[in-house]
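data_11.csv (CSV, C-alpha atoms and all ligand atoms)
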```
chain,number,residue,atom,x,y,z
A,1,MET,CA,0.0,0.0,0.0
A,2,THR,CA,1.4,3.5,-0.8
A,3,PRO,CA,1.4,6.0,2.0
A,4,ASP,CA,-1.3,8.7,1.9
A,5,PRO,CA,0.1,11.9,0.4
A,6,PRO,CA,0.5,14.7,2.9
A,7,GLY,CA,-2.6,16.8,3.4
A,8,HIS,CA,-5.0,14.0,2.6
A,9,PRO,CA,-7.1,12.2,5.2
A,10,PRO,CA,-5.9,8.6,5.8
A,11,SER,CA,-7.6,6.2,3.5
A,12,ALA,CA,-10.4,4.0,5.0
A,13,LEU,CA,-9.4,0.6,6.5
A,14,PRO,CA,-8.8,-1.9,3.6
A,15,GLN,CA,-11.7,-4.2,3.1
A,16,PRO,CA,-10.7,-7.6,4.4
A,17,VAL,CA,-10.5,-10.1,1.5
A,18,ASP,CA,-12.0,-13.5,2.1
A,19,PRO,CA,-9.3,-16.2,2.2
A,20,PRO,CA,-9.8,-18.8,-0.5
A,21,GLY,CA,-12.7,-21.1,0.4
A,22,ALA,CA,-14.1,-18.9,3.2
A,23,THR,CA,-17.9,-18.5,3.4
A,24,HIS,CA,-18.7,-14.9,4.2
A,25,VAL,CA,-21.7,-14.7,6.4
A,26,VAL,CA,-23.3,-11.3,7.5
A,27,ALA,CA,-25.5,-11.0,10.5
A,28,GLY,CA,-27.2,-8.1,12.2
A,29,VAL,CA,-27.5,-7.0,15.9
A,30,ILE,CA,-31.0,-5.7,16.1
A,31,VAL,CA,-31.8,-3.9,19.3
A,32,ASP,CA,-35.3,-2.7,20.3
A,33,ALA,CA,-36.3,0.4,22.3
A,34,ARG,CA,-36.0,-1.6,25.5
A,35,GLY,CA,-32.4,-2.6,24.8
A,36,ARG,CA,-33.3,-6.2,23.9
A,37,VAL,CA,-31.4,-8.1,21.1
A,38,LEU,CA,-33.2,-10.1,18.5
A,39,LEU,CA,-32.1,-13.8,18.1
A,40,ALA,CA,-33.5,-16.3,15.6
A,41,ARG,CA,-33.6,-20.1,16.1
A,42,ARG,CA,-32.3,-22.3,13.3
A,43,THR,CA,-35.1,-24.5,12.0
A,44,ALA,CA,-35.1,-28.3,12.0
A,45,GLY,CA,-33.4,-30.1,9.2
A,46,ARG,CA,-30.6,-27.5,8.7
A,47,GLU,CA,-27.1,-27.6,10.0
A,48,LEU,CA,-26.9,-26.4,13.6
A,49,ALA,CA,-30.7,-26.8,13.9
A,50,GLY,CA,-32.1,-25.5,17.2
A,51,LEU,CA,-29.2,-23.1,17.9
A,52,TRP,CA,-29.9,-19.4,18.3
A,53,GLU,CA,-28.2,-16.9,16.0
A,54,PHE,CA,-28.1,-13.3,14.9
A,55,PRO,CA,-30.4,-13.0,11.8
A,56,GLY,CA,-28.5,-13.0,8.5
A,57,GLY,CA,-27.0,-15.3,6.0
A,58,LYS,CA,-24.4,-15.9,3.3
A,59,VAL,CA,-23.1,-13.2,1.0
A,60,GLU,CA,-23.9,-14.3,-2.6
A,61,PRO,CA,-21.3,-14.0,-5.4
A,62,GLY,CA,-21.1,-10.4,-6.7
A,63,GLU,CA,-23.0,-9.1,-3.7
A,64,THR,CA,-21.7,-6.5,-1.2
A,65,PRO,CA,-21.9,-7.6,2.5
A,66,GLU,CA,-24.2,-4.6,3.1
A,67,ALA,CA,-26.6,-5.6,0.3
A,68,ALA,CA,-26.5,-9.2,1.5
A,69,LEU,CA,-27.5,-8.3,5.0
A,70,ALA,CA,-30.3,-6.0,3.9
A,71,ARG,CA,-31.6,-8.8,1.6
A,72,GLU,CA,-31.4,-11.5,4.3
A,73,LEU,CA,-33.2,-9.4,6.9
A,74,ASP,CA,-35.9,-8.6,4.4
A,75,GLU,CA,-36.3,-12.3,3.4
A,76,GLU,CA,-36.0,-13.8,6.9
A,77,LEU,CA,-37.7,-11.1,9.0
A,78,GLY,CA,-39.6,-8.9,6.6
A,79,ILE,CA,-37.9,-5.7,7.7
A,80,GLU,CA,-36.1,-2.9,5.8
A,81,VAL,CA,-32.9,-1.9,7.6
A,82,GLU,CA,-30.5,0.9,7.9
A,83,LEU,CA,-27.1,-0.5,8.7
A,84,GLY,CA,-25.0,0.8,11.6
A,85,ASP,CA,-21.4,0.3,12.6
A,86,PRO,CA,-19.5,-2.9,12.1
A,87,LEU,CA,-19.3,-4.8,15.4
A,88,MET,CA,-16.7,-7.5,14.5
A,89,VAL,CA,-15.6,-10.1,12.0
A,90,VAL,CA,-15.0,-13.6,13.4
A,91,PRO,CA,-12.9,-15.9,11.3
A,92,HIS,CA,-13.8,-19.5,12.3
A,93,LEU,CA,-12.8,-22.9,11.2
A,94,THR,CA,-15.4,-25.7,11.4
A,95,PRO,CA,-14.6,-29.4,10.6
A,96,THR,CA,-16.1,-28.8,7.2
A,97,ARG,CA,-15.3,-25.2,6.2
A,98,ARG,CA,-13.9,-21.8,6.9
A,99,LEU,CA,-16.3,-19.1,7.9
A,100,ARG,CA,-16.1,-15.3,8.3
A,101,LEU,CA,-19.0,-14.2,10.5
A,102,ASP,CA,-19.3,-10.5,9.8
A,103,VAL,CA,-21.6,-8.8,12.4
A,104,ARG,CA,-23.0,-5.3,11.9
A,105,GLY,CA,-25.1,-3.1,14.1
A,106,ILE,CA,-28.5,-2.2,12.8
A,107,ARG,CA,-29.2,1.5,13.3
A,108,ALA,CA,-32.9,1.6,12.4
A,109,TRP,CA,-35.5,-0.6,10.7
A,110,ARG,CA,-39.0,-0.4,9.3
A,111,GLY,CA,-41.6,-3.2,9.8
A,112,THR,CA,-42.1,-5.7,12.6
A,113,PRO,CA,-39.7,-8.6,12.6
A,114,LYS,CA,-41.5,-12.0,12.0
A,115,GLY,CA,-40.1,-15.4,11.4
A,116,TYR,CA,-40.8,-15.6,7.6
A,117,GLU,CA,-38.9,-18.9,7.3
A,118,GLY,CA,-40.7,-20.6,10.2
A,119,GLN,CA,-37.9,-19.7,12.7
A,120,ALA,CA,-38.7,-18.8,16.3
A,121,LEU,CA,-37.6,-15.3,17.4
A,122,ALA,CA,-36.7,-14.1,20.8
A,123,TRP,CA,-36.0,-10.6,22.2
A,124,VAL,CA,-33.2,-11.1,24.7
A,125,GLN,CA,-31.8,-8.8,27.4
A,126,PRO,CA,-28.1,-8.5,26.6
A,127,GLY,CA,-27.1,-10.0,30.0
A,128,ALA,CA,-29.1,-13.2,29.2
A,129,LEU,CA,-27.4,-13.8,25.8
A,130,PRO,CA,-24.8,-16.2,27.3
A,131,ARG,CA,-27.6,-18.5,28.4
A,132,TYR,CA,-28.7,-19.1,24.7
A,133,ASP,CA,-27.1,-22.0,22.9
A,134,MET,CA,-25.4,-20.4,19.9
A,135,PRO,CA,-22.9,-21.5,17.2
A,136,ASP,CA,-19.2,-21.3,18.3
A,137,PRO,CA,-18.3,-18.2,16.3
A,138,ASP,CA,-21.1,-16.3,18.1
A,139,ARG,CA,-19.4,-16.6,21.5
A,140,PRO,CA,-16.9,-13.8,20.8
A,141,VAL,CA,-19.7,-11.7,19.4
A,142,VAL,CA,-21.7,-12.0,22.6
A,143,ALA,CA,-18.6,-11.1,24.6
A,144,ALA,CA,-18.1,-8.1,22.3
A,145,LEU,CA,-21.6,-6.9,23.2
A,146,LEU,CA,-21.1,-7.4,27.0
A,147,GLN,CA,-17.5,-7.1,28.0
A,148,PRO,CA,-14.8,-4.4,27.9
A,149,ASP,CA,-13.0,-3.8,24.5
A,150,HIS,CA,-9.7,-3.1,26.2
A,151,CYS,CA,-7.7,-4.7,29.0
A,152,LEU,CA,-4.9,-3.0,30.9
A,153,VAL,CA,-1.9,-5.1,31.9
A,154,THR,CA,-0.1,-3.2,34.6
A,155,PRO,CA,3.5,-2.3,34.5
A,156,PRO,CA,5.3,-2.6,37.9
A,157,PRO,CA,6.3,0.6,39.7
A,158,GLY,CA,9.4,2.1,38.0
A,159,PRO,CA,12.6,2.3,40.0
A,160,GLY,CA,12.1,5.1,42.6
A,161,ASP,CA,8.4,5.2,42.1
A,162,SER,CA,6.3,5.2,45.2
A,163,ASP,CA,3.2,3.1,45.6
A,164,ALA,CA,1.2,6.3,45.7
A,165,THR,CA,2.6,7.3,42.2
A,166,TRP,CA,1.7,3.9,40.8
A,167,LEU,CA,-1.8,4.0,42.3
A,168,ALA,CA,-2.4,7.5,40.9
A,169,ALA,CA,-1.5,6.2,37.4
A,170,LEU,CA,-4.0,3.3,37.9
A,171,GLU,CA,-6.7,5.7,39.0
A,172,SER,CA,-6.2,7.8,35.9
A,173,ALA,CA,-6.4,4.7,33.7
A,174,LEU,CA,-9.7,3.8,35.4
A,175,ALA,CA,-10.9,7.4,34.9
A,176,ARG,CA,-10.1,7.0,31.1
A,177,GLY,CA,-12.5,4.1,31.0
A,178,VAL,CA,-10.4,1.0,31.7
A,179,ARG,CA,-12.8,-1.7,33.1
A,180,ARG,CA,-10.6,-4.8,33.0
A,181,VAL,CA,-7.2,-4.9,34.7
A,182,GLN,CA,-4.5,-7.6,34.9
A,183,PHE,CA,-2.3,-7.0,37.9
A,184,ARG,CA,1.2,-7.9,36.7
A,185,MET,CA,4.1,-7.2,39.0
A,186,PRO,CA,7.4,-8.8,37.8
A,187,GLY,CA,10.3,-8.1,40.1
A,188,ILE,CA,8.3,-6.8,43.1
A,189,ASP,CA,8.5,-8.6,46.4
A,190,ARG,CA,5.5,-10.4,47.8
A,191,SER,CA,4.7,-8.0,50.7
A,192,ARG,CA,4.8,-4.9,48.5
A,193,ARG,CA,2.8,-6.8,45.8
A,194,GLN,CA,0.1,-7.7,48.3
A,195,GLN,CA,-0.1,-4.1,49.5
A,196,LEU,CA,-0.4,-2.8,46.0
A,197,LEU,CA,-3.0,-5.4,45.1
A,198,ALA,CA,-5.1,-4.6,48.1
A,199,ASN,CA,-5.2,-0.9,47.1
A,200,ALA,CA,-5.7,-1.7,43.4
A,201,ALA,CA,-8.7,-3.9,44.3
A,202,LEU,CA,-10.3,-0.9,46.2
A,203,HIS,CA,-9.8,1.4,43.2
A,204,CYS,CA,-11.0,-1.2,40.7
A,205,ALA,CA,-14.1,-2.0,42.8
A,206,ALA,CA,-14.9,1.7,43.1
A,207,ALA,CA,-14.7,2.0,39.3
A,208,GLY,CA,-16.6,-1.2,38.6
A,209,ALA,CA,-13.6,-2.7,36.9
A,210,GLN,CA,-12.7,-6.4,37.0
A,211,LEU,CA,-9.2,-7.3,38.4
A,212,LEU,CA,-7.2,-10.4,37.7
A,213,VAL,CA,-4.0,-11.3,39.4
A,214,ASN,CA,-1.2,-12.5,37.1
A,215,GLY,CA,0.2,-15.9,38.0
A,216,ASP,CA,-0.4,-16.1,41.7
A,217,ALA,CA,-3.4,-18.5,42.2
A,218,ARG,CA,-3.1,-18.3,46.0
A,219,LEU,CA,-3.2,-14.6,46.1
A,220,ALA,CA,-6.1,-14.5,43.7
A,221,CYS,CA,-8.1,-17.0,45.8
A,222,GLU,CA,-7.3,-15.3,49.1
A,223,SER,CA,-8.4,-11.9,47.8
A,224,GLY,CA,-11.5,-13.3,45.8
A,225,LEU,CA,-10.1,-11.8,42.6
A,226,GLY,CA,-9.7,-13.2,39.1
A,227,LEU,CA,-6.6,-15.1,37.9
A,228,HIS,CA,-4.5,-14.7,34.8
A,229,LEU,CA,-2.3,-17.6,33.7
A,230,PRO,CA,0.9,-16.9,31.8
A,231,ALA,CA,1.3,-19.6,29.1
A,232,ALA,CA,3.8,-21.6,31.2
A,233,ARG,CA,1.3,-21.8,34.1
A,234,LEU,CA,-1.5,-22.6,31.7
A,235,ARG,CA,0.4,-25.6,30.5
A,236,GLU,CA,0.8,-26.9,34.1
A,237,CYS,CA,-2.9,-26.7,34.9
A,238,ARG,CA,-5.0,-29.8,34.9
A,239,ALA,CA,-8.2,-28.2,36.3
A,240,ARG,CA,-9.6,-24.8,36.7
A,241,PRO,CA,-7.5,-23.2,39.4
A,242,VAL,CA,-10.2,-20.8,40.7
A,243,ALA,CA,-13.9,-21.1,41.4
A,244,ASP,CA,-16.3,-20.8,38.5
A,245,ASP,CA,-17.5,-17.4,39.5
A,246,GLN,CA,-13.9,-16.0,39.6
A,247,PRO,CA,-12.7,-14.6,36.3
A,248,LEU,CA,-9.9,-16.7,34.6
A,249,SER,CA,-7.8,-15.7,31.6
A,250,ALA,CA,-4.6,-16.9,30.0
A,251,SER,CA,-1.8,-15.8,27.6
A,252,CYS,CA,-1.7,-18.1,24.6
A,253,HIS,CA,0.9,-18.2,21.7
A,254,ASP,CA,-0.4,-21.2,19.7
A,255,ALA,CA,-3.5,-23.3,18.9
A,256,GLU,CA,-2.6,-25.9,21.6
A,257,GLU,CA,-2.5,-23.3,24.3
A,258,LEU,CA,-5.8,-21.8,23.2
A,259,LYS,CA,-7.4,-25.3,23.3
A,260,LEU,CA,-6.0,-25.7,26.9
A,261,ALA,CA,-7.4,-22.3,27.9
A,262,GLN,CA,-10.8,-23.2,26.4
A,263,ALA,CA,-10.8,-26.6,28.1
A,264,LEU,CA,-10.0,-25.0,31.5
A,265,GLY,CA,-13.0,-22.7,31.0
A,266,CYS,CA,-11.0,-19.5,30.7
A,267,ASP,CA,-13.3,-16.5,30.2
A,268,PHE,CA,-10.9,-14.9,27.7
A,269,ALA,CA,-7.4,-15.2,26.4
A,270,LEU,CA,-4.6,-12.8,25.4
A,271,VAL,CA,-2.9,-13.6,22.1
A,272,GLY,CA,0.2,-11.9,20.6
A,273,PRO,CA,2.5,-10.1,20.2
A,274,VAL,CA,0.7,-8.8,17.1
A,275,HIS,CA,3.4,-6.2,16.6
A,276,PRO,CA,7.0,-6.1,18.0
A,277,THR,CA,7.2,-4.8,21.5
A,278,PRO,CA,10.0,-4.0,24.0
A,279,THR,CA,8.5,-6.6,26.4
A,280,HIS,CA,9.3,-9.4,23.8
A,281,PRO,CA,12.6,-8.4,22.3
A,282,GLY,CA,13.6,-10.3,19.2
A,283,HIS,CA,10.0,-11.3,18.4
A,284,GLY,CA,8.8,-9.8,15.1
A,285,GLY,CA,5.2,-10.1,16.0
A,286,ILE,CA,2.6,-12.5,14.5
A,287,GLY,CA,0.8,-9.8,12.5
A,288,TRP,CA,-3.0,-9.8,12.0
A,289,ALA,CA,-2.8,-12.8,9.6
A,290,GLY,CA,-1.1,-14.8,12.4
A,291,PHE,CA,-3.7,-13.6,14.9
A,292,GLU,CA,-6.6,-14.7,12.7
A,293,ALA,CA,-5.0,-18.1,12.1
A,294,LEU,CA,-5.2,-18.7,15.8
A,295,ARG,CA,-8.5,-16.9,16.3
A,296,GLU,CA,-10.3,-19.2,13.8
A,297,GLN,CA,-9.4,-22.3,15.8
A,298,ALA,CA,-11.0,-21.2,19.1
A,299,SER,CA,-14.3,-19.8,20.2
A,300,LEU,CA,-13.4,-18.0,23.5
A,301,PRO,CA,-13.1,-14.2,23.5
A,302,ILE,CA,-9.5,-13.1,22.7
A,303,TYR,CA,-7.8,-9.8,23.2
A,304,ALA,CA,-5.0,-8.9,20.8
A,305,ILE,CA,-1.8,-7.7,22.5
A,306,GLY,CA,1.6,-6.4,21.4
A,307,GLY,CA,2.2,-2.8,20.3
A,308,LEU,CA,-1.5,-1.9,20.3
A,309,GLY,CA,-3.6,0.9,21.9
A,310,VAL,CA,-7.2,2.1,22.0
A,311,ASP,CA,-6.9,3.4,18.4
A,312,ASP,CA,-6.4,-0.2,17.2
A,313,ILE,CA,-9.7,-1.5,18.7
A,314,ALA,CA,-11.7,-1.2,15.5
A,315,ALA,CA,-9.0,-3.0,13.5
A,316,ALA,CA,-8.7,-5.7,16.2
A,317,ARG,CA,-12.4,-6.3,16.0
A,318,SER,CA,-12.2,-6.6,12.3
A,319,HIS,CA,-9.8,-9.6,12.9
A,320,GLY,CA,-12.1,-11.3,15.4
A,321,ALA,CA,-10.6,-9.9,18.6
A,322,GLN,CA,-12.6,-8.7,21.6
A,323,GLY,CA,-10.4,-5.7,21.5
A,324,ILE,CA,-6.9,-4.9,22.6
A,325,ALA,CA,-4.8,-5.6,25.8
A,326,ALA,CA,-1.8,-3.4,26.5
A,327,ILE,CA,0.7,-2.3,29.1
A,328,ARG,CA,2.2,1.0,27.9
A,329,GLY,CA,-0.7,1.7,25.4
A,330,LEU,CA,-3.2,1.9,28.2
A,331,TRP,CA,-1.0,3.0,31.2
A,332,GLU,CA,0.3,6.2,29.7
A,333,ALA,CA,-2.3,9.0,29.2
B,1,LIG,N1,-27.1,-16.0,10.3
B,1,LIG,C1,-26.1,-16.4,11.1
B,1,LIG,N2,-25.3,-17.4,10.7
B,1,LIG,C2,-24.4,-17.8,11.6
B,1,LIG,C3,-24.3,-17.2,12.8
B,1,LIG,N3,-23.3,-17.9,13.5
B,1,LIG,C4,-22.8,-18.8,12.7
B,1,LIG,O1,-21.9,-19.6,12.9
B,1,LIG,N4,-23.5,-18.8,11.5
B,1,LIG,C5,-23.3,-19.8,10.4
B,1,LIG,O2,-23.2,-19.1,9.2
B,1,LIG,C6,-23.9,-19.8,8.2
B,1,LIG,C7,-25.0,-19.0,7.7
B,1,LIG,O3,-25.7,-19.6,6.9
B,1,LIG,P1,-27.3,-19.6,6.8
B,1,LIG,O4,-27.8,-21.0,6.8
B,1,LIG,O5,-28.0,-18.7,7.7
B,1,LIG,O6,-27.4,-19.0,5.4
B,1,LIG,P2,-28.6,-18.4,4.6
B,1,LIG,O7,-29.4,-17.6,5.5
B,1,LIG,O8,-28.0,-17.7,3.4
B,1,LIG,O9,-29.5,-19.6,4.3
B,1,LIG,P3,-29.4,-20.8,3.3
B,1,LIG,O10,-27.9,-21.0,2.9
B,1,LIG,O11,-29.9,-21.9,4.1
B,1,LIG,O12,-30.2,-20.4,2.2
B,1,LIG,C8,-24.3,-21.1,8.8
B,1,LIG,O13,-23.3,-22.1,8.7
B,1,LIG,C9,-24.4,-20.7,10.2
B,1,LIG,O14,-24.3,-21.8,11.1
B,1,LIG,C10,-25.1,-16.2,13.2
B,1,LIG,O15,-25.0,-15.6,14.3
B,1,LIG,N5,-26.0,-15.8,12.3
B,2,MG,MG,-29.8,-17.3,7.5
```

Please express what this file holds, its structure, as structure tokens.
Ligand SMILES: Nc1nc2c([nH]c(=O)n2[C@@H]2O[C@H](COP(=O)(O)OP(=O)(O)OP(=O)(O)O)[C@@H](O)[C@H]2O)c(=O)[nH]1
Ligand SMILES: [Mg+2]
Amino acid sequence: MTPDPPGHPPSALPQPVDPPGATHVVAGVIVDARGRVLLARRTAGRELAGLWEFPGGKVEPGETPEAALARELDEELGIEVELGDPLMVVPHLTPTRRLRLDVRGIRAWRGTPKGYEGQALAWVQPGALPRYDMPDPDRPVVAALLQPDHCLVTPPPGPGDSDATWLAALESALARGVRRVQFRMPGIDRSRRQQLLANAALHCAAAGAQLLVNGDARLACESGLGLHLPAARLRECRARPVADDQPLSASCHDAEELKLAQALGCDFALVGPVHPTPTHPGHGGIGWAGFEALREQASLPIYAIGGLGVDDIAAARSHGAQGIAAIRGLWEA
């Protein structure tokens, strides 16, 4: 791609090209005035019969995704729609094919949705979506509707930094909208770590942010917080190391680790580095293509990490990520 000439606005994000053999499926998130989301149930005799899905269908040859979604929602529900923002594109590998589930918001519609193909419809409160049995690629979509689109991984206090300085930086990250925090403290002794964690927990609770402790299962359990497993710890785990109601996440670098994380019931994973970062010297980064190659083999929500910040959230979503996780990118104002 040639760089944009000076004085011109940056060009729009390149349209993702379907890899050979991928079936491009477009689906809409239709929300009513009460904030409920419309799901449709796949009818008997079709693949994945009985599962609930976002209404939509396959893009036909020569059709734009936008035209395909408008057509599908007219055929299936009898409504005329105005499309809103893209939510995310989930690349997914099934035993028989490669899918790209391209999910768009629906800004407005005319008509009353009805099941024109005999499918049952349900208007679902967002918080109840995880209770509906949906196809695997919908799991990250539901997470994108409900959970934070960025996750702060804390740096330890710098040399000479007081605990108060570190806590003030955490507070300002929370004030900027961080709602998911991984407490990572390499090189800090246990008693100082515990003290910082106790204070961080108070700040996070006050902001309504979720807090997960990196690596230390005992500390996580004692303090009733979530746990994040670095890849080496993940590989040692034979069973979920925290209670079901405590958040659990893991860092994964390959498909095997993602499978382990999923089998343990991790709520989400961190995958990267997408771009080179000072934290992983000598690693060139897996790039978005490498990220998608891992994403398509798993169904749990995944944050992309490595040289990313809030400006990269839309791009991350277009590659199937929940959003981005970052140390520096979210710590520094
Ligand atoms: N519409 C829709 N399809 C989904 C979702 N999640 C998901 O995996 N899919 C998959 O994407 C494909 C969509 O195909 P479809 O059967 O709805 O296609 P369609 O409306 O064009 O119907 P047709 O091919 O039966 O005529 C199916 O394999 C379906 O399982 C979703 O949330 N919405
Ligand atoms: Mg359909």

If the limit is 12 Å from any atom of ligand MG 2 (chain B), counting all atoms listed in the file, which residues qualify? Return them as a ChimeraX atom specification. /A:24-28,39-43,46-49,51-59,68-77,101,115-119

Go through A:His280, A:Arg34, A:His228, A:Arg97 one by one, measure the shortest atom-to-atom distance of each to ligand LIG 1 (chain B) using only C-alpha atoms and all ligand atoms, and give the residue with the smallest value. A:Arg97

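For A:Gly127, the set of protein, DNA and RNA residues having any atom at most 10 Å away, when counting all atoms listed in the file and skipping those fewer than 6 positions along the same chain, is Arg36, Val142, Leu145 and Leu146 of chain A.
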
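Straight-line separation from atom CA of A:Ala164 to atom CA of A:Ala198: 12.8 Å.
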
What are the closest atom pairs, with distances in Å to one decimal, for each residue of stretch 125-194 of chain A lying within 7 Å of stretch 293-307 of chain A, using only C-alpha atoms, rows by chain and rising residue number, as a Markdown table?
```
| residue | atom | partner | partner_atom | distance |
| --- | --- | --- | --- | --- |
| A:Asp136 | CA | A:Ser299 | CA | 5.5 |
| A:Pro137 | CA | A:Ser299 | CA | 5.8 |
| A:Arg139 | CA | A:Ser299 | CA | 6.2 |
| A:Pro140 | CA | A:Pro301 | CA | 4.7 |
| A:Ala143 | CA | A:Pro301 | CA | 6.4 |
```

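Residue nearest A:Gly309, chosen from A:Ile79, A:Ala108, A:Leu202, A:Val178 and counting all atoms listed in the file: A:Val178.
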
Taking 6 positions as the minimum chain separation for residues in the same chain, which residues sit within 9 Å of A:Val29 when counting all atoms listed in the file? Answer as a VMD selection string. chain A and resid 37 to 39 54 to 55 87 103 to 106

What does the file look like for those residues with C-alpha atoms, as a short mmCIF file (atom, residue, chain, number, x, y, z; two decimals), in the frame of the given file?
```
data_model
loop_
_atom_site.label_atom_id
_atom_site.label_comp_id
_atom_site.auth_asym_id
_atom_site.auth_seq_id
_atom_site.Cartn_x
_atom_site.Cartn_y
_atom_site.Cartn_z
CA VAL A 37 -31.40 -8.10 21.10
CA LEU A 38 -33.20 -10.10 18.50
CA LEU A 39 -32.10 -13.80 18.10
CA PHE A 54 -28.10 -13.30 14.90
CA PRO A 55 -30.40 -13.00 11.80
CA LEU A 87 -19.30 -4.80 15.40
CA VAL A 103 -21.60 -8.80 12.40
CA ARG A 104 -23.00 -5.30 11.90
CA GLY A 105 -25.10 -3.10 14.10
CA ILE A 106 -28.50 -2.20 12.80
#
```

I'd like to know which of A:Ile30, A:Ala207, A:Ile286, A:Ala44 is closest to A:Ala175, using only C-alpha atoms. A:Ala207

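As for atom CA of A:Ala220 and atom CA of A:Val271, they are spaced 21.9 Å apart.
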
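When all atoms listed in the file are used to measure the gap to ligand LIG 1 (chain B), the shortest distance among A:Pro61, A:Pro157, A:Pro230, A:Gly224 belongs to A:Pro61.
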
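Atom pair atom CA of A:Leu308 / atom CA of A:Ala325: separated by 7.4 Å.
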
Select, from A:Thr112, A:Ser251, A:Thr94, A:Thr64, the residue with the minimum atom-to-atom distance to ligand LIG 1 (chain B), counting all atoms listed in the file. A:Thr94

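Minimum atom-to-atom distances from A:Asp163, A:Pro95, A:Glu82, A:Ala239 to ligand LIG 1 (chain B) were compared using all atoms listed in the file, and the lowest value belongs to A:Pro95.
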